Amino acid sequence: MKKVLKQVLGIDVAQKELVVTMGRLLDDLSKELYAHKVFKNSESGIKLLIDWAEKVSDNTLIVHYVMESTGVYHQKFAYYLSEHGQQLSIVLPNKISNYMRSLEVKTITDKTCSEAIARFGLERKLDIWEKPKMIYRSLQQLTRERDQIVNERSIVKNQLHAEKSEAYPYQKSLDRLKARVSFLNAQEKEIKKDISKIVSRDIALQQDVKIMCTLPGIGELTAVIVLAETNGFELIRSKKQLAGYSGFDVKEKLSGTSVKGKPKISKKGNRHLRKAMYLPSLSAVKCDERFKAIYVRILAKNGIKMKGLVAVQRKMLEMVYTLFKNKTSYDREYLKKENSVPIQDQYAITG
């Protein structure tokens, strides 16, 4: 009888359902997908799922749960597994979609997705997910709430501008729009106060934010967003991994001499991180020679400003990570100490 080396439960998470497939890796390195079921994405459904997984699996081995990060719908299940001592890995959706293309799956259903996730977990060595520290979870909720308020305020301001531009604007409509803008301003101010209070209560976090803010263009809010979205860089092992997690990784399409697509960033990672680096990159290009050199070099090469800014954004995010890991401040005089050698940026990427 063949020996089981590893067993994985692949989970396709939807708003109301958890579609699961149980797979195992045998000692001859063959893979078997042998059980499939659907559960409700609720606390009672999660309990039934875990009981079912224990019944159909080899109780001498740990069941490794693997799922995609799907907005907020996977969080309840992920936290439950973590709190009950289960082994869990969460994979970015682009990795699973790319893997499914290699399997030549022609019909995409919840079942085939869960099967692909199970196969992926059996073949790869995945990092074990750890739930975010409570302080980072709170900061993430607050920063994302603020982002929603800022977006809503932009919409209301555009409505106000359009209303004012009409030939005969209705005054009560203008008053209501102005009141909504004032209300949203007050809410944003309140959220910023809450963020500052949380940071001020944790000395270590306060010091980390201070170090990150030595990088030109990075303010307290940006530093907090980066820490909140990465859980304090908990599972980030390298700058390359960080680029992939944030969606700043470069994808190219090359095949022989006939197919050559333009390289561009994947945008398959955490959009909140990418968005957080946009305004800081504008500031950094103006006030720091290092980032200005990167921007000018990319701009001179292709003439597109956004491509230069994206290169700066990725470089800034990687430097924030480096400062955080080394617990050291940014040195503005670094280039001068290196005999003013012009920096040759290695991240010539496109937006």
# chains A, B, ... in the order shown; residues from 1 in each chain; ligands from 1
call {"tool": "closest_atom_pairs", "arguments": {"of": "region 149-259 of chain A", "to": "region 281-287 of chain A", "cutoff": "9 Å", "atoms": "only C-alpha atoms", "output": "CSV"}}
result
residue,atom,partner,partner_atom,distance
A:Leu215,CA,A:Ala284,CA,8.4
A:Pro216,CA,A:Ala284,CA,5.2
A:Gly217,CA,A:Ala284,CA,5.0
A:Ile218,CA,A:Ala284,CA,8.4
call {"tool": "write_last_selection", "arguments": {"atoms": "N, CA and C atoms", "output": "mmCIF file, in the first residue's frame"}}
result
data_model
loop_
_atom_site.group_PDB
_atom_site.id
_atom_site.type_symbol
_atom_site.label_atom_id
_atom_site.label_comp_id
_atom_site.auth_asym_id
_atom_site.auth_seq_id
_atom_site.Cartn_x
_atom_site.Cartn_y
_atom_site.Cartn_z
ATOM 1 N N LEU A 215 12.350 58.345 4.900
ATOM 2 C CA LEU A 215 12.403 58.249 3.441
ATOM 3 C C LEU A 215 11.604 59.407 2.849
ATOM 4 N N PRO A 216 12.177 60.169 1.914
ATOM 5 C CA PRO A 216 11.470 61.324 1.324
ATOM 6 C C PRO A 216 10.111 60.935 0.757
ATOM 7 N N GLY A 217 9.101 61.714 1.090
ATOM 8 C CA GLY A 217 7.763 61.475 0.570
ATOM 9 C C GLY A 217 6.895 60.592 1.445
ATOM 10 N N ILE A 218 7.504 59.863 2.377
ATOM 11 C CA ILE A 218 6.745 58.946 3.232
ATOM 12 C C ILE A 218 6.322 59.670 4.504
#
call {"tool": "select_by_dssp", "arguments": {"residues": "region 160-224 of chain A", "states": "alpha helix (DSSP H)", "output": "ChimeraX atom specification"}}
result
/A:160-165,171-200,203-212,220-224
call {"tool": "write_last_selection", "arguments": {"atoms": "N, CA and C atoms", "output": "compact mmCIF listing (two decimals), in the first residue's frame"}}
result
# COMPACT_ATOMS: atom_id res chain seq x y z
N LEU A 160 -20.78 68.38 -6.87
CA LEU A 160 -20.93 69.79 -6.49
C LEU A 160 -20.44 70.71 -7.61
N HIS A 161 -19.31 70.36 -8.20
CA HIS A 161 -18.78 71.17 -9.31
C HIS A 161 -19.74 71.17 -10.50
N ALA A 162 -20.31 70.00 -10.81
CA ALA A 162 -21.25 69.90 -11.93
C ALA A 162 -22.51 70.71 -11.65
N GLU A 163 -22.99 70.64 -10.40
CA GLU A 163 -24.19 71.37 -10.03
C GLU A 163 -23.98 72.89 -10.13
N LYS A 164 -22.80 73.34 -9.69
CA LYS A 164 -22.50 74.77 -9.76
C LYS A 164 -22.39 75.26 -11.20
N SER A 165 -21.99 74.36 -12.10
CA SER A 165 -21.77 74.74 -13.50
C SER A 165 -23.07 74.84 -14.30
N GLN A 171 -30.25 75.75 -5.13
CA GLN A 171 -29.47 76.10 -3.95
C GLN A 171 -29.50 75.02 -2.87
N LYS A 172 -30.67 74.41 -2.68
CA LYS A 172 -30.76 73.37 -1.63
C LYS A 172 -29.90 72.16 -1.98
N SER A 173 -29.80 71.85 -3.27
CA SER A 173 -28.93 70.74 -3.69
C SER A 173 -27.48 71.08 -3.39
N LEU A 174 -27.09 72.33 -3.66
CA LEU A 174 -25.74 72.77 -3.36
C LEU A 174 -25.45 72.68 -1.87
N ASP A 175 -26.42 73.09 -1.07
CA ASP A 175 -26.23 73.06 0.39
C ASP A 175 -26.06 71.63 0.90
N ARG A 176 -26.86 70.71 0.35
CA ARG A 176 -26.75 69.32 0.78
C ARG A 176 -25.40 68.72 0.39
N LEU A 177 -24.94 69.02 -0.81
CA LEU A 177 -23.64 68.51 -1.26
C LEU A 177 -22.51 69.07 -0.41
N LYS A 178 -22.60 70.36 -0.09
CA LYS A 178 -21.58 70.98 0.77
C LYS A 178 -21.59 70.35 2.16
N ALA A 179 -22.78 70.06 2.66
CA ALA A 179 -22.90 69.43 3.98
C ALA A 179 -22.28 68.03 3.97
N ARG A 180 -22.45 67.30 2.87
CA ARG A 180 -21.87 65.96 2.76
C ARG A 180 -20.34 66.04 2.73
N VAL A 181 -19.80 67.03 2.04
CA VAL A 181 -18.35 67.21 1.99
C VAL A 181 -17.82 67.51 3.39
N SER A 182 -18.52 68.39 4.12
CA SER A 182 -18.10 68.74 5.48
C SER A 182 -18.17 67.51 6.40
N PHE A 183 -19.23 66.72 6.23
CA PHE A 183 -19.38 65.51 7.04
C PHE A 183 -18.25 64.52 6.78
N LEU A 184 -17.90 64.33 5.51
CA LEU A 184 -16.82 63.41 5.14
C LEU A 184 -15.47 63.93 5.63
N ASN A 185 -15.28 65.24 5.57
CA ASN A 185 -14.04 65.84 6.10
C ASN A 185 -13.89 65.55 7.60
N ALA A 186 -15.02 65.68 8.31
CA ALA A 186 -14.99 65.44 9.76
C ALA A 186 -14.70 63.97 10.06
N GLN A 187 -15.27 63.06 9.25
CA GLN A 187 -15.02 61.64 9.46
C GLN A 187 -13.55 61.29 9.20
N GLU A 188 -12.99 61.86 8.14
CA GLU A 188 -11.57 61.59 7.84
C GLU A 188 -10.69 62.08 8.98
N LYS A 189 -11.00 63.25 9.49
CA LYS A 189 -10.23 63.82 10.59
C LYS A 189 -10.31 62.92 11.82
N GLU A 190 -11.49 62.37 12.09
CA GLU A 190 -11.69 61.49 13.23
C GLU A 190 -10.88 60.20 13.08
N ILE A 191 -10.86 59.65 11.86
CA ILE A 191 -10.11 58.42 11.60
C ILE A 191 -8.62 58.66 11.79
N LYS A 192 -8.12 59.79 11.31
CA LYS A 192 -6.70 60.11 11.48
C LYS A 192 -6.32 60.20 12.95
N LYS A 193 -7.23 60.74 13.76
CA LYS A 193 -6.98 60.82 15.20
C LYS A 193 -6.91 59.42 15.81
N ASP A 194 -7.80 58.54 15.38
CA ASP A 194 -7.81 57.17 15.88
C ASP A 194 -6.50 56.46 15.52
N ILE A 195 -6.02 56.68 14.29
CA ILE A 195 -4.76 56.07 13.85
C ILE A 195 -3.60 56.57 14.70
N SER A 196 -3.55 57.88 14.92
CA SER A 196 -2.47 58.46 15.73
C SER A 196 -2.49 57.94 17.15
N LYS A 197 -3.68 57.73 17.72
CA LYS A 197 -3.79 57.20 19.08
C LYS A 197 -3.23 55.79 19.16
N ILE A 198 -3.57 54.96 18.17
CA ILE A 198 -3.10 53.57 18.16
C ILE A 198 -1.58 53.53 18.06
N VAL A 199 -1.02 54.35 17.17
CA VAL A 199 0.44 54.39 16.98
C VAL A 199 1.13 54.87 18.24
N SER A 200 0.57 55.89 18.87
CA SER A 200 1.21 56.48 20.05
C SER A 200 1.22 55.53 21.25
N ILE A 203 5.14 51.71 21.50
CA ILE A 203 6.46 52.34 21.34
C ILE A 203 7.22 51.75 20.16
N ALA A 204 7.16 50.43 20.01
CA ALA A 204 7.88 49.77 18.91
C ALA A 204 7.32 50.21 17.57
N LEU A 205 5.99 50.25 17.46
CA LEU A 205 5.35 50.69 16.22
C LEU A 205 5.67 52.15 15.94
N GLN A 206 5.68 52.96 16.98
CA GLN A 206 6.00 54.37 16.84
C GLN A 206 7.41 54.55 16.28
N GLN A 207 8.35 53.73 16.76
CA GLN A 207 9.72 53.81 16.29
C GLN A 207 9.84 53.36 14.83
N ASP A 208 9.11 52.29 14.48
CA ASP A 208 9.13 51.81 13.10
C ASP A 208 8.60 52.87 12.13
N VAL A 209 7.51 53.50 12.52
CA VAL A 209 6.92 54.55 11.68
C VAL A 209 7.89 55.71 11.53
N LYS A 210 8.56 56.06 12.61
CA LYS A 210 9.53 57.16 12.58
C LYS A 210 10.68 56.86 11.61
N ILE A 211 11.18 55.64 11.65
CA ILE A 211 12.26 55.24 10.74
C ILE A 211 11.81 55.29 9.29
N MET A 212 10.62 54.76 9.02
CA MET A 212 10.10 54.74 7.65
C MET A 212 9.85 56.14 7.12
N GLU A 220 3.42 59.67 7.99
CA GLU A 220 2.91 58.71 8.98
C GLU A 220 1.81 57.83 8.40
N LEU A 221 0.89 58.45 7.65
CA LEU A 221 -0.24 57.69 7.11
C LEU A 221 0.23 56.61 6.13
N THR A 222 1.17 56.98 5.24
CA THR A 222 1.69 56.00 4.28
C THR A 222 2.42 54.87 4.99
N ALA A 223 3.22 55.20 5.98
CA ALA A 223 3.95 54.18 6.73
C ALA A 223 2.99 53.22 7.43
N VAL A 224 1.92 53.76 7.99
CA VAL A 224 0.93 52.93 8.67
C VAL A 224 0.22 52.01 7.68
call {"tool": "atom_distance", "arguments": {"atom1": "CA of Glu54 (chain A)", "atom2": "CA of Asn41 (chain A)"}}
result
18.2 Å
call {"tool": "atom_distance", "arguments": {"atom1": "CA of Glu130 (chain A)", "atom2": "CA of Lys76 (chain A)"}}
result
13.4 Å
call {"tool": "closest_residue", "arguments": {"among": "A:Trp52, A:Tyr170, A:Phe39, A:Tyr321", "to": "Phe77 (chain A)", "atoms": "only C-alpha atoms"}}
result
A:Phe39
call {"tool": "residues_around", "arguments": {"residues": "Glu229 (chain A)", "least_positions_apart": "4", "cutoff": "7 Å", "atoms": "only C-alpha atoms", "output": "list in words"}}
result
Gln140, Ile225 and Leu273 of chain A
call {"tool": "select_by_dssp", "arguments": {"residues": "region 146-303 of chain A", "states": "strand (DSSP E or B)", "output": "list of chain:residue names"}}
result
A:Val250, A:Lys251, A:Leu254, A:Ser255, A:Val259, A:Lys260, A:Lys264, A:Ile265
call {"tool": "write_last_selection", "arguments": {"atoms": "C-alpha atoms", "output": "mmCIF file, in the first residue's frame"}}
result
data_model
loop_
_atom_site.group_PDB
_atom_site.id
_atom_site.type_symbol
_atom_site.label_atom_id
_atom_site.label_comp_id
_atom_site.auth_asym_id
_atom_site.auth_seq_id
_atom_site.Cartn_x
_atom_site.Cartn_y
_atom_site.Cartn_z
ATOM 1 C CA VAL A 250 6.984 42.810 -13.950
ATOM 2 C CA LYS A 251 5.333 40.502 -16.462
ATOM 3 C CA LEU A 254 8.148 36.857 -25.198
ATOM 4 C CA SER A 255 8.061 34.016 -27.681
ATOM 5 C CA VAL A 259 5.913 37.803 -30.131
ATOM 6 C CA LYS A 260 7.272 40.554 -27.920
ATOM 7 C CA LYS A 264 4.378 45.951 -17.461
ATOM 8 C CA ILE A 265 3.567 45.482 -13.819
#
call {"tool": "atom_distance", "arguments": {"atom1": "CA of Val105 (chain A)", "atom2": "CA of Ala78 (chain A)"}}
result
26.8 Å
call {"tool": "closest_residue", "arguments": {"among": "A:Leu9, A:Ile50, A:Leu103, A:Ala167", "to": "Ile117 (chain A)", "atoms": "only C-alpha atoms"}}
result
A:Leu9
call {"tool": "closest_atom_pairs", "arguments": {"of": "region 72-97 of chain A", "to": "region 230-239 of chain A", "cutoff": "12 Å", "atoms": "only C-alpha atoms", "output": "CSV"}}
result
residue,atom,partner,partner_atom,distance
A:Ser89,CA,A:Leu235,CA,11.1
A:Ile90,CA,A:Leu235,CA,11.1
A:Val91,CA,A:Leu235,CA,12.0
call {"tool": "residues_around", "arguments": {"residues": "Leu309 (chain A)", "least_positions_apart": "5", "cutoff": "10 Å", "atoms": "only C-alpha atoms", "output": "ChimeraX atom specification"}}
result
/A:277-282,284-285,291-292,294-296,298-299,304,314-315,349-351
call {"tool": "decode", "arguments": {"residues": "region 98-172 of chain A", "atoms": "C-alpha atoms", "output": "tab-separated table (two decimals), in the first residue's frame"}}
result
chain	number	residue	atom	x	y	z
A	98	ASN	CA	-1.39	31.09	-13.74
A	99	TYR	CA	-1.10	27.56	-12.36
A	100	MET	CA	-4.50	26.59	-13.80
A	101	ARG	CA	-3.35	27.68	-17.26
A	102	SER	CA	-0.46	25.23	-16.98
A	103	LEU	CA	-3.00	22.47	-16.24
A	104	GLU	CA	-4.93	23.36	-19.40
A	105	VAL	CA	-8.22	23.47	-17.50
A	106	LYS	CA	-10.89	24.23	-20.12
A	107	THR	CA	-13.91	24.58	-17.84
A	108	ILE	CA	-13.59	26.99	-14.92
A	109	THR	CA	-15.95	26.12	-12.08
A	110	ASP	CA	-15.75	26.33	-8.30
A	111	LYS	CA	-14.91	22.63	-8.22
A	112	THR	CA	-12.07	22.84	-10.78
A	113	CYS	CA	-10.68	25.87	-8.90
A	114	SER	CA	-10.64	23.96	-5.60
A	115	GLU	CA	-8.96	21.03	-7.39
A	116	ALA	CA	-6.28	23.34	-8.81
A	117	ILE	CA	-5.69	24.86	-5.36
A	118	ALA	CA	-5.32	21.38	-3.85
A	119	ARG	CA	-2.82	20.36	-6.56
A	120	PHE	CA	-0.90	23.61	-6.07
A	121	GLY	CA	-0.66	22.96	-2.33
A	122	LEU	CA	0.54	19.40	-2.90
A	123	GLU	CA	3.29	20.50	-5.31
A	124	ARG	CA	4.57	23.60	-3.53
A	125	LYS	CA	6.15	24.39	-0.20
A	126	LEU	CA	3.96	27.22	1.08
A	127	ASP	CA	4.44	29.63	3.97
A	128	ILE	CA	2.11	29.06	6.90
A	129	TRP	CA	-0.31	31.97	7.29
A	130	GLU	CA	-0.44	33.77	10.59
A	131	LYS	CA	-3.33	36.02	11.46
A	132	PRO	CA	-2.43	39.73	11.61
A	133	LYS	CA	-1.59	41.17	14.98
A	134	MET	CA	-4.58	42.98	16.41
A	135	ILE	CA	-2.88	46.36	16.14
A	136	TYR	CA	-2.20	45.89	12.40
A	137	ARG	CA	-5.71	44.57	11.84
A	138	SER	CA	-7.20	47.68	13.49
A	139	LEU	CA	-4.95	49.97	11.46
A	140	GLN	CA	-5.87	48.19	8.25
A	141	GLN	CA	-9.58	48.65	8.96
A	142	LEU	CA	-9.08	52.34	9.71
A	143	THR	CA	-6.86	53.10	6.69
A	144	ARG	CA	-9.22	51.29	4.32
A	145	GLU	CA	-12.19	53.12	5.82
A	146	ARG	CA	-10.38	56.42	5.27
A	147	ASP	CA	-9.67	55.45	1.66
A	148	GLN	CA	-13.38	54.81	1.06
A	149	ILE	CA	-14.24	58.19	2.58
A	150	VAL	CA	-11.68	59.98	0.39
A	151	ASN	CA	-13.09	58.29	-2.72
A	152	GLU	CA	-16.64	59.17	-1.73
A	153	ARG	CA	-15.63	62.78	-1.07
A	154	SER	CA	-14.10	63.04	-4.55
A	155	ILE	CA	-17.39	61.86	-6.08
A	156	VAL	CA	-19.41	64.38	-4.04
A	157	LYS	CA	-17.02	67.22	-4.96
A	158	ASN	CA	-17.40	66.36	-8.63
A	159	GLN	CA	-21.19	66.41	-8.22
A	160	LEU	CA	-20.93	69.79	-6.49
A	161	HIS	CA	-18.78	71.17	-9.31
A	162	ALA	CA	-21.25	69.90	-11.93
A	163	GLU	CA	-24.19	71.37	-10.03
A	164	LYS	CA	-22.50	74.77	-9.76
A	165	SER	CA	-21.77	74.74	-13.50
A	166	GLU	CA	-25.45	74.46	-14.45
A	167	ALA	CA	-27.27	77.50	-15.77
A	168	TYR	CA	-29.69	77.57	-12.84
A	169	PRO	CA	-28.26	75.54	-9.94
A	170	TYR	CA	-30.69	74.56	-7.19
A	171	GLN	CA	-29.47	76.10	-3.95
A	172	LYS	CA	-30.76	73.37	-1.63
